[in-house]
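To be precise, the following lines are target.cif, and they hold mmCIF, C-alpha atoms and all ligand atoms.
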data_input
loop_
_atom_site.label_atom_id
_atom_site.label_comp_id
_atom_site.auth_asym_id
_atom_site.auth_seq_id
_atom_site.Cartn_x
_atom_site.Cartn_y
_atom_site.Cartn_z
CA MET A 1 68.81 97.08 129.35
CA GLY A 2 66.85 100.33 128.86
CA THR A 3 70.01 102.40 129.32
CA GLN A 4 71.89 100.16 126.91
CA LYS A 5 69.24 100.80 124.24
CA ARG A 6 69.30 104.55 124.76
CA THR A 7 73.07 104.58 124.50
CA SER A 8 73.16 102.76 121.18
CA LEU A 9 70.30 104.90 119.88
CA SER A 10 72.14 108.11 120.71
CA ARG A 11 75.23 106.71 118.97
CA ILE A 12 73.16 106.10 115.86
CA LEU A 13 71.65 109.60 116.10
CA LEU A 14 75.12 111.08 116.53
CA ALA A 15 76.43 109.16 113.52
CA GLY A 16 73.42 110.26 111.45
CA CYS A 17 73.93 113.85 112.50
CA CYS A 18 77.61 113.84 111.54
CA SER A 19 76.97 112.31 108.15
CA VAL A 20 74.37 115.02 107.40
CA VAL A 21 76.86 117.71 108.36
CA PHE A 22 79.47 115.97 106.23
CA SER A 23 77.13 115.81 103.23
CA LEU A 24 76.21 119.47 103.62
CA THR A 25 79.78 120.66 103.77
CA GLY A 26 81.47 117.91 101.77
CA SER A 27 79.20 117.67 98.77
CA LEU A 28 76.82 119.96 96.92
CA ALA A 29 75.07 116.88 95.55
CA TRP A 30 73.02 116.48 98.73
CA ALA A 31 69.51 117.57 97.78
CA GLY A 32 66.82 115.55 99.46
CA THR A 33 64.54 117.82 101.50
CA ILE A 34 61.19 119.49 101.03
CA VAL A 35 62.41 122.55 102.98
CA GLY A 36 62.62 125.61 100.74
CA THR A 37 60.88 123.97 97.76
CA ASP A 38 57.55 124.97 96.22
CA HIS A 39 55.95 122.41 98.56
CA ASP A 40 57.30 124.07 101.69
CA PHE A 41 54.20 126.08 102.60
CA SER A 42 55.55 127.14 105.99
CA THR A 43 55.94 130.76 104.87
CA SER A 44 52.45 130.94 103.34
CA THR A 45 50.00 132.89 105.48
CA TRP A 46 47.46 130.03 105.44
CA SER A 47 49.72 127.18 106.64
CA GLY A 48 50.03 128.05 110.31
CA GLY A 49 53.80 127.92 109.70
CA GLU A 50 53.81 124.15 109.04
CA ILE A 51 55.02 122.15 106.03
CA CYS A 52 53.32 118.74 106.10
CA ILE A 53 49.87 119.77 107.37
CA ALA A 54 48.44 120.92 104.02
CA CYS A 55 48.90 117.34 102.76
CA HIS A 56 49.13 115.02 105.78
CA THR A 57 47.63 114.67 109.24
CA PRO A 58 48.51 112.29 112.07
CA HIS A 59 44.80 111.72 112.84
CA ASN A 60 41.41 111.64 111.13
CA ALA A 61 42.95 111.20 107.68
CA ASP A 62 40.97 110.83 104.44
CA THR A 63 41.18 107.18 103.35
CA THR A 64 39.07 107.35 100.19
CA THR A 65 42.00 107.26 97.74
CA THR A 66 44.54 104.44 97.59
CA ASP A 67 48.17 105.60 97.85
CA ALA A 68 46.99 108.46 100.10
CA PRO A 69 49.22 108.28 103.17
CA LEU A 70 47.41 109.96 106.10
CA TRP A 71 45.85 112.43 103.65
CA ASN A 72 44.62 115.81 104.93
CA HIS A 73 43.94 117.84 101.76
CA ALA A 74 40.48 118.11 100.19
CA LEU A 75 40.27 115.82 97.14
CA THR A 76 39.41 116.90 93.63
CA ALA A 77 36.14 115.63 92.20
CA ALA A 78 36.89 116.72 88.63
CA THR A 79 36.40 114.60 85.51
CA TYR A 80 39.12 115.17 82.92
CA THR A 81 39.45 115.15 79.17
CA LEU A 82 42.19 112.54 78.73
CA TYR A 83 45.23 112.26 76.48
CA SER A 84 44.58 110.24 73.36
CA SER A 85 46.46 109.54 70.14
CA PRO A 86 46.28 106.95 67.34
CA SER A 87 49.70 105.53 68.25
CA LEU A 88 49.05 105.14 71.97
CA ASP A 89 48.96 101.49 73.09
CA ALA A 90 48.30 101.99 76.81
CA THR A 91 44.78 102.46 78.13
CA VAL A 92 44.25 105.86 79.70
CA GLY A 93 41.51 106.17 82.34
CA GLN A 94 40.56 108.88 84.82
CA PRO A 95 43.50 109.64 87.17
CA ASP A 96 43.88 107.36 90.19
CA GLY A 97 46.33 106.68 93.01
CA SER A 98 48.68 109.42 94.10
CA SER A 99 48.11 111.45 90.90
CA LYS A 100 44.68 112.25 92.26
CA LEU A 101 46.39 113.77 95.28
CA CYS A 102 48.60 115.98 93.10
CA LEU A 103 45.63 117.08 91.02
CA SER A 104 43.82 118.07 94.22
CA CYS A 105 45.97 121.22 94.04
CA HIS A 106 47.28 121.06 90.48
CA ASP A 107 43.93 121.06 88.64
CA GLY A 108 42.90 124.45 89.94
CA THR A 109 39.48 123.25 91.19
CA VAL A 110 40.39 122.83 94.89
CA ALA A 111 42.01 125.61 96.94
CA LEU A 112 45.55 125.05 98.25
CA ASP A 113 44.34 125.97 101.71
CA SER A 114 41.43 123.49 101.71
CA PHE A 115 42.72 121.01 104.25
CA GLY A 116 41.84 119.65 107.67
CA GLY A 117 38.15 120.04 106.85
CA VAL A 118 38.42 123.80 106.21
CA ILE A 119 37.45 125.29 102.83
CA GLY A 120 40.12 127.67 101.57
CA SER A 121 40.30 130.34 98.89
CA THR A 122 43.86 130.38 97.45
CA TYR A 123 44.13 128.54 94.11
CA ILE A 124 47.08 127.43 92.00
CA SER A 125 47.45 129.37 88.77
CA GLY A 126 49.47 129.72 85.59
CA THR A 127 51.47 126.80 84.18
CA ALA A 128 51.41 124.96 87.52
CA ASN A 129 47.67 124.44 86.91
CA ILE A 130 48.33 121.18 85.05
CA GLY A 131 44.65 120.10 85.01
CA GLU A 132 43.48 123.50 83.74
CA GLY A 133 40.35 123.59 85.89
CA THR A 134 38.76 126.64 87.48
CA PRO A 135 38.04 127.38 91.17
CA GLY A 136 35.19 125.14 92.33
CA GLY A 137 34.92 123.57 88.84
CA THR A 138 34.08 119.93 88.10
CA THR A 139 36.06 119.43 84.90
CA GLY A 140 39.71 119.49 83.90
CA ASP A 141 41.90 118.92 80.86
CA LEU A 142 44.78 116.44 80.77
CA SER A 143 44.68 115.96 76.99
CA ASN A 144 47.81 118.07 76.52
CA ASP A 145 49.82 116.33 79.26
CA HIS A 146 51.95 113.18 79.32
CA PRO A 147 49.51 110.30 80.00
CA ILE A 148 49.28 109.24 83.66
CA SER A 149 47.57 106.43 85.56
CA ILE A 150 48.51 104.05 82.71
CA THR A 151 49.74 100.52 83.28
CA TYR A 152 53.32 100.13 82.05
CA ASP A 153 54.39 96.53 82.26
CA ALA A 154 56.40 93.94 80.31
CA ALA A 155 53.34 93.24 78.14
CA LEU A 156 53.04 96.91 77.07
CA ALA A 157 56.77 96.97 76.26
CA GLY A 158 56.17 93.83 74.18
CA THR A 159 53.44 95.57 72.17
CA ASP A 160 55.25 98.91 71.92
CA THR A 161 58.88 97.99 71.28
CA SER A 162 59.98 101.61 71.60
CA LEU A 163 59.48 101.29 75.38
CA PHE A 164 62.04 99.59 77.63
CA ASP A 165 60.82 96.58 79.59
CA PRO A 166 60.18 98.17 83.03
CA THR A 167 60.95 94.91 84.84
CA VAL A 168 64.54 94.45 83.63
CA GLY A 169 67.68 96.59 83.72
CA SER A 170 68.56 99.26 86.21
CA VAL A 171 67.96 102.99 86.53
CA THR A 172 68.87 105.49 89.25
CA ILE A 173 66.61 108.23 90.57
CA GLY A 174 67.87 111.15 92.68
CA GLN A 175 71.56 111.70 93.27
CA GLY A 176 74.26 111.69 95.91
CA GLY A 177 73.20 110.19 99.22
CA ASP A 178 69.56 110.48 98.18
CA SER A 179 69.38 108.05 95.30
CA LYS A 180 67.70 104.74 94.62
CA THR A 181 68.58 102.16 91.98
CA GLY A 182 66.38 99.41 90.59
CA THR A 183 64.19 98.55 87.63
CA ILE A 184 61.84 101.24 86.28
CA ASP A 185 59.07 99.29 87.96
CA ASP A 186 60.89 99.34 91.32
CA VAL A 187 61.85 103.01 91.48
CA MET A 188 59.45 104.91 89.18
CA LEU A 189 56.13 103.11 88.93
CA LEU A 190 53.37 102.85 91.52
CA ALA A 191 51.43 99.57 91.32
CA ASN A 192 52.79 99.17 87.74
CA LYS A 193 51.48 102.56 86.70
CA VAL A 194 53.04 105.77 85.42
CA GLN A 195 51.84 108.52 87.77
CA CYS A 196 52.88 112.15 88.35
CA ALA A 197 55.22 110.77 91.01
CA SER A 198 57.06 108.59 88.44
CA CYS A 199 58.75 111.73 87.12
CA HIS A 200 58.43 114.09 90.11
CA ASP A 201 59.27 113.77 93.78
CA VAL A 202 56.76 115.75 95.82
CA HIS A 203 59.14 115.86 98.82
CA ASN A 204 62.25 116.62 96.73
CA LYS A 205 63.87 113.58 98.34
CA TYR A 206 64.89 111.70 95.19
CA ALA A 207 65.00 114.76 92.92
CA ILE A 208 67.72 116.46 90.90
CA PRO A 209 68.58 119.99 92.13
CA GLY A 210 67.70 122.76 89.71
CA THR A 211 64.86 120.82 88.06
CA PRO A 212 61.12 121.03 88.81
CA LEU A 213 61.37 118.18 91.36
CA LEU A 214 62.39 115.72 88.62
CA ARG A 215 63.66 112.32 89.77
CA ILE A 216 65.98 112.04 86.75
CA THR A 217 67.55 115.04 85.00
CA ASP A 218 65.86 116.36 81.87
CA ALA A 219 69.27 117.40 80.49
CA ALA A 220 69.71 115.65 77.12
CA SER A 221 66.21 114.25 77.82
CA ALA A 222 67.65 111.59 80.13
CA LEU A 223 64.29 111.37 81.93
CA CYS A 224 62.40 110.55 78.73
CA LEU A 225 65.09 108.12 77.51
CA THR A 226 64.76 106.15 80.74
CA CYS A 227 61.46 104.65 79.55
CA HIS A 228 61.41 105.47 75.82
CA ASN A 229 63.85 103.50 73.67
CA LYS A 230 64.21 106.16 70.96
C1 LIG A 301 52.32 119.03 98.72
C2 LIG A 301 51.83 117.90 99.44
C3 LIG A 301 52.76 117.20 100.40
C4 LIG A 301 53.51 117.75 101.41
C5 LIG A 301 53.64 119.21 101.78
C6 LIG A 301 54.12 116.65 102.10
N1 LIG A 301 53.77 115.46 101.50
FE1 LIG A 301 54.24 113.59 102.13
N2 LIG A 301 53.25 112.77 100.54
C7 LIG A 301 52.56 113.49 99.60
C8 LIG A 301 52.05 112.58 98.59
C9 LIG A 301 51.26 112.98 97.37
C10 LIG A 301 52.45 111.28 98.96
C11 LIG A 301 52.16 109.96 98.25
C12 LIG A 301 52.85 109.80 96.95
C13 LIG A 301 54.33 109.94 96.96
O1 LIG A 301 55.01 109.46 97.89
O2 LIG A 301 54.82 110.54 96.01
C14 LIG A 301 53.19 111.44 100.21
C15 LIG A 301 53.77 110.39 100.93
C16 LIG A 301 54.34 110.53 102.18
C17 LIG A 301 54.78 109.42 102.99
C18 LIG A 301 54.63 107.95 102.69
C19 LIG A 301 55.46 107.50 101.54
C20 LIG A 301 56.92 107.73 101.75
O3 LIG A 301 57.48 108.52 100.98
O4 LIG A 301 57.51 107.20 102.71
C21 LIG A 301 55.33 109.97 104.12
C22 LIG A 301 55.93 109.22 105.29
C23 LIG A 301 55.24 111.42 103.99
N3 LIG A 301 54.63 111.72 102.80
C24 LIG A 301 55.68 112.32 104.93
C25 LIG A 301 55.69 113.71 104.80
C26 LIG A 301 56.22 114.64 105.77
C27 LIG A 301 56.86 114.25 107.08
C28 LIG A 301 56.01 115.90 105.29
C29 LIG A 301 56.43 117.23 105.87
C30 LIG A 301 57.86 117.36 106.19
C31 LIG A 301 55.35 115.74 104.00
N4 LIG A 301 55.18 114.40 103.75
C32 LIG A 301 54.93 116.79 103.21
C33 LIG A 301 52.37 114.85 99.60
C34 LIG A 301 52.95 115.75 100.46
C1 LIG A 302 48.65 121.24 98.79
C2 LIG A 302 48.72 121.54 97.38
C3 LIG A 302 49.68 120.75 96.51
C4 LIG A 302 49.73 119.38 96.33
C5 LIG A 302 48.86 118.33 96.98
C6 LIG A 302 50.78 119.14 95.36
N1 LIG A 302 51.34 120.33 94.98
FE1 LIG A 302 52.83 120.58 93.63
N2 LIG A 302 52.84 122.60 93.97
C7 LIG A 302 51.95 123.26 94.77
C8 LIG A 302 52.20 124.69 94.71
C9 LIG A 302 51.43 125.78 95.43
C10 LIG A 302 53.29 124.85 93.81
C11 LIG A 302 53.90 126.19 93.37
C12 LIG A 302 53.11 126.65 92.18
C13 LIG A 302 53.55 127.94 91.55
O1 LIG A 302 54.74 128.12 91.34
O2 LIG A 302 52.66 128.75 91.24
C14 LIG A 302 53.67 123.51 93.38
C15 LIG A 302 54.70 123.24 92.49
C16 LIG A 302 54.97 122.00 91.95
C17 LIG A 302 55.98 121.72 90.96
C18 LIG A 302 56.95 122.73 90.35
C19 LIG A 302 58.19 122.74 91.20
C20 LIG A 302 59.29 123.63 90.67
O3 LIG A 302 60.35 123.63 91.32
O4 LIG A 302 59.12 124.29 89.63
C21 LIG A 302 55.90 120.40 90.66
C22 LIG A 302 56.75 119.65 89.68
C23 LIG A 302 54.85 119.85 91.47
N3 LIG A 302 54.31 120.84 92.26
C24 LIG A 302 54.46 118.52 91.43
C25 LIG A 302 53.55 117.94 92.30
C26 LIG A 302 53.26 116.52 92.34
C27 LIG A 302 53.86 115.49 91.42
C28 LIG A 302 52.35 116.33 93.33
C29 LIG A 302 51.77 115.02 93.80
C30 LIG A 302 52.70 113.92 94.07
C31 LIG A 302 52.05 117.64 93.89
N4 LIG A 302 52.80 118.57 93.25
C32 LIG A 302 51.13 117.88 94.91
C33 LIG A 302 50.95 122.69 95.54
C34 LIG A 302 50.70 121.34 95.66
C1 LIG A 303 56.65 111.61 82.05
C2 LIG A 303 57.14 112.50 83.05
C3 LIG A 303 56.18 113.43 83.73
C4 LIG A 303 54.95 113.13 84.27
C5 LIG A 303 54.24 111.79 84.29
C6 LIG A 303 54.47 114.36 84.86
N1 LIG A 303 55.37 115.37 84.68
FE1 LIG A 303 55.24 117.25 85.40
N2 LIG A 303 56.92 117.79 84.38
C7 LIG A 303 57.74 116.91 83.70
C8 LIG A 303 58.85 117.65 83.12
C9 LIG A 303 59.97 117.06 82.28
C10 LIG A 303 58.68 119.01 83.48
C11 LIG A 303 59.58 120.20 83.10
C12 LIG A 303 59.28 120.66 81.71
C13 LIG A 303 58.02 121.40 81.63
O1 LIG A 303 57.80 122.34 82.42
O2 LIG A 303 57.20 121.08 80.72
C14 LIG A 303 57.46 119.05 84.30
C15 LIG A 303 56.93 120.20 84.88
C16 LIG A 303 55.91 120.21 85.82
C17 LIG A 303 55.48 121.35 86.60
C18 LIG A 303 56.07 122.77 86.51
C19 LIG A 303 55.33 123.47 85.42
C20 LIG A 303 55.48 124.97 85.47
O3 LIG A 303 55.74 125.54 84.38
O4 LIG A 303 55.33 125.54 86.55
C21 LIG A 303 54.45 120.96 87.40
C22 LIG A 303 53.66 121.80 88.37
C23 LIG A 303 54.22 119.56 87.11
N3 LIG A 303 55.11 119.14 86.15
C24 LIG A 303 53.24 118.79 87.73
C25 LIG A 303 52.87 117.52 87.31
C26 LIG A 303 51.67 116.83 87.75
C27 LIG A 303 50.67 117.37 88.73
C28 LIG A 303 51.66 115.64 87.09
C29 LIG A 303 50.57 114.59 87.11
C30 LIG A 303 49.22 115.07 86.74
C31 LIG A 303 52.87 115.56 86.28
N4 LIG A 303 53.56 116.73 86.43
C32 LIG A 303 53.25 114.46 85.52
C33 LIG A 303 57.55 115.55 83.58
C34 LIG A 303 56.42 114.85 83.98
C1 LIG A 304 58.29 106.29 83.71
C2 LIG A 304 58.37 106.04 82.29
C3 LIG A 304 58.20 107.18 81.34
C4 LIG A 304 58.89 108.37 81.32
C5 LIG A 304 59.94 108.85 82.30
C6 LIG A 304 58.42 109.09 80.17
N1 LIG A 304 57.47 108.37 79.53
FE1 LIG A 304 56.46 108.92 77.88
N2 LIG A 304 55.27 107.32 78.03
C7 LIG A 304 55.49 106.26 78.87
C8 LIG A 304 54.52 105.22 78.58
C9 LIG A 304 54.42 103.88 79.28
C10 LIG A 304 53.70 105.72 77.54
C11 LIG A 304 52.55 105.01 76.84
C12 LIG A 304 53.09 104.54 75.50
C13 LIG A 304 52.07 103.79 74.65
O1 LIG A 304 51.22 103.12 75.22
O2 LIG A 304 52.12 103.88 73.41
C14 LIG A 304 54.20 107.05 77.23
C15 LIG A 304 53.66 107.87 76.25
C16 LIG A 304 54.31 108.96 75.73
C17 LIG A 304 53.91 109.67 74.54
C18 LIG A 304 52.65 109.41 73.72
C19 LIG A 304 52.89 108.34 72.71
C20 LIG A 304 51.73 108.17 71.77
O3 LIG A 304 51.78 107.17 71.02
O4 LIG A 304 50.80 108.99 71.74
C21 LIG A 304 54.85 110.61 74.30
C22 LIG A 304 54.92 111.56 73.11
C23 LIG A 304 55.82 110.53 75.37
N3 LIG A 304 55.46 109.52 76.21
C24 LIG A 304 56.90 111.35 75.52
C25 LIG A 304 57.69 111.42 76.66
C26 LIG A 304 58.64 112.48 76.92
C27 LIG A 304 58.94 113.63 75.99
C28 LIG A 304 59.18 112.19 78.13
C29 LIG A 304 60.18 113.03 78.90
C30 LIG A 304 59.73 114.36 79.28
C31 LIG A 304 58.58 110.97 78.62
N4 LIG A 304 57.67 110.54 77.68
C32 LIG A 304 58.89 110.34 79.80
C33 LIG A 304 56.44 106.18 79.85
C34 LIG A 304 57.31 107.19 80.19
#
What's the structure tokens form of this structure?
Amino acid sequence: MGTQKRTSLSRILLAGCCSVVFSLTGSLAWAGTIVGTDHDFSTSTWSGGEICIACHTPHNADTTTTDAPLWNHALTAATYTLYSSPSLDATVGQPDGSSKLCLSCHDGTVALDSFGGVIGSTYISGTANIGEGTPGGTTGDLSNDHPISITYDAALAGTDTSLFDPTVGSVTIGQGGDSKTGTIDDVMLLANKVQCASCHDVHNKYAIPGTPLLRITDAASALCLTCHNK
């Protein structure tokens, strides 16, 4: 029985291995890995040569934020100036869910190498500092960024008719073997909300090669036209 199981498992592994080789050689469309992206920290001096560790840990994870899978990175405590405009229908609050995890590096207040309980000293800078905070700071600015942590549901699309109903129709994120198709709600929203991860794939799994980890290409503004009926 045990041998039987091992045999079928190795067949599956073998099949998986061959299809990866096939995708690599047979199609340039195969993207789907964090290796070699901006989030592959294995060549940074502070990472101990690992990729996942700056963000995840198998043990003693931080459970204070929802949507934080086995989280290992120090969390931002910043309060942000939020996006606002007279035509906005959605309610924008302080960032929550996985966007809080992104901002824990991308608001410039917490060091990249602050993880596993250690306080680091290397901060994100330039245009990648989306939250525009300063090292050790307690404030940030999201007023010049696309709103995040907003509920986007059928009701909002009813109020703002220039948005597609996120619960009907079908969109595809990623490409090639690494793609997913479903409603906007299924494949882009997290608990009905637009978050950083609606547009970006932190692991580059469902992302389009040659874009900043975008889940749908920004060529001809396809990404924007997925949600906005303009
Ligand atoms: C730069 C930070 C970062 C790195 C590096 C990173 N992750 Fe993640 N990971 C996240 C965030 C943020 C989420 C939750 C939101 C999301 O999925 O977009 C997540 C979610 C996950 C999840 C649960 C959701 C899912 O996609 O299945 C798994 C499993 C996971 N990561 C595994 C890994 C592994 C394995 C590595 C290393 C090869 C890794 N991650 C590297 C930030 C990171
Ligand atoms: C552990 C710190 C860390 C976390 C957490 C993190 N990032 Fe990053 N991210 C970086 C660094 C460092 C860069 C490279 C910045 C630079 O070029 O200066 C980067 C780059 C990026 C880029 C640009 C990629 C490109 O190819 O141009 C995007 C987009 C991005 N991150 C999105 C996210 C999103 C979305 C999340 C959350 C789901 C996230 N990041 C979480 C550290 C992090
Ligand atoms: C509505 C879609 C959308 C959302 C939501 C979104 N982004 Fe982006 N992001 C983009 C697009 C499109 C680009 C490429 C164009 C640009 O650079 O302005 C980009 C670019 C970036 C870059 C690269 C900027 C650079 O010049 O290095 C980073 C880093 C990034 N985003 C992080 C984030 C983080 C963190 C969040 C959440 C706080 C977020 N994004 C939310 C669409 C989005
Ligand atoms: C995942 C869906 C989604 C994607 C992708 C997306 N948006 Fe949005 N966007 C929204 C939602 C929802 C709102 C809130 C609209 C409202 O409540 O009026 C919004 C708000 C906006 C607003 C502010 C509207 C106002 O009245 O102030 C602008 C401008 C905008 N988006 C432009 C873009 C652009 C440009 C892109 C592509 C880079 C993009 N969006 C991609 C869902 C999305």
Neighbours of ligand LIG 302 (chain A) at 9 Å or closer, counting only C-alpha atoms and all ligand atoms: which residues, as JSON, numbers by chain?
{"A": [37, 38, 39, 40, 41, 53, 54, 55, 73, 74, 75, 98, 99, 100, 101, 102, 103, 104, 105, 106, 110, 111, 112, 113, 114, 115, 123, 124, 125, 126, 127, 128, 129, 195, 196, 197, 198, 199, 200, 201, 202, 203, 210, 211, 212, 213, 214]}
Selection export as a CSV table (one decimal), keeping the file's coordinate frame, atoms kept: C-alpha atoms:
chain,number,residue,atom,x,y,z
A,37,THR,CA,60.9,124.0,97.8
A,38,ASP,CA,57.6,125.0,96.2
A,39,HIS,CA,56.0,122.4,98.6
A,40,ASP,CA,57.3,124.1,101.7
A,41,PHE,CA,54.2,126.1,102.6
A,53,ILE,CA,49.9,119.8,107.4
A,54,ALA,CA,48.4,120.9,104.0
A,55,CYS,CA,48.9,117.3,102.8
A,73,HIS,CA,43.9,117.8,101.8
A,74,ALA,CA,40.5,118.1,100.2
A,75,LEU,CA,40.3,115.8,97.1
A,98,SER,CA,48.7,109.4,94.1
A,99,SER,CA,48.1,111.4,90.9
A,100,LYS,CA,44.7,112.2,92.3
A,101,LEU,CA,46.4,113.8,95.3
A,102,CYS,CA,48.6,116.0,93.1
A,103,LEU,CA,45.6,117.1,91.0
A,104,SER,CA,43.8,118.1,94.2
A,105,CYS,CA,46.0,121.2,94.0
A,106,HIS,CA,47.3,121.1,90.5
A,110,VAL,CA,40.4,122.8,94.9
A,111,ALA,CA,42.0,125.6,96.9
A,112,LEU,CA,45.6,125.0,98.2
A,113,ASP,CA,44.3,126.0,101.7
A,114,SER,CA,41.4,123.5,101.7
A,115,PHE,CA,42.7,121.0,104.2
A,123,TYR,CA,44.1,128.5,94.1
A,124,ILE,CA,47.1,127.4,92.0
A,125,SER,CA,47.4,129.4,88.8
A,126,GLY,CA,49.5,129.7,85.6
A,127,THR,CA,51.5,126.8,84.2
A,128,ALA,CA,51.4,125.0,87.5
A,129,ASN,CA,47.7,124.4,86.9
A,195,GLN,CA,51.8,108.5,87.8
A,196,CYS,CA,52.9,112.2,88.4
A,197,ALA,CA,55.2,110.8,91.0
A,198,SER,CA,57.1,108.6,88.4
A,199,CYS,CA,58.8,111.7,87.1
A,200,HIS,CA,58.4,114.1,90.1
A,201,ASP,CA,59.3,113.8,93.8
A,202,VAL,CA,56.8,115.8,95.8
A,203,HIS,CA,59.1,115.9,98.8
A,210,GLY,CA,67.7,122.8,89.7
A,211,THR,CA,64.9,120.8,88.1
A,212,PRO,CA,61.1,121.0,88.8
A,213,LEU,CA,61.4,118.2,91.4
A,214,LEU,CA,62.4,115.7,88.6
Once you count all atoms listed in the file, which residues end up within 10 Å of ligand LIG 304 (chain A), and could you hand them over as a PyMOL selection string?
chain A and resi 83-92+145-153+156-157+159-166+184-185+187-190+192-200+214-218+221-229
A:Asn60, A:Thr138, A:Thr76, A:Asn204 ranked by distance to ligand LIG 301 (chain A), top pick (using all atoms listed in the file)
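So, comparing all the options, the nearest one is A:Asn204.
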Provide the atom CA of Gly36 of chain A to atom CA of Ile51 of chain A distance in Å, to one decimal place.
9.9 Å
Edge lengths and centre, in Å to one decimal, as JSON: that's what I need for the box along x, y and z that holds all listed atoms of ligand LIG 301 (chain A) plus 8 Å on each side.
{"center_x": 54.6, "center_y": 113.2, "center_z": 101.5, "size_x": 22.6, "size_y": 28.0, "size_z": 27.1}
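Relative to atom N4 of ligand LIG 301 (chain A), atom CA of Tyr206 of chain A is found at 13.2 Å.
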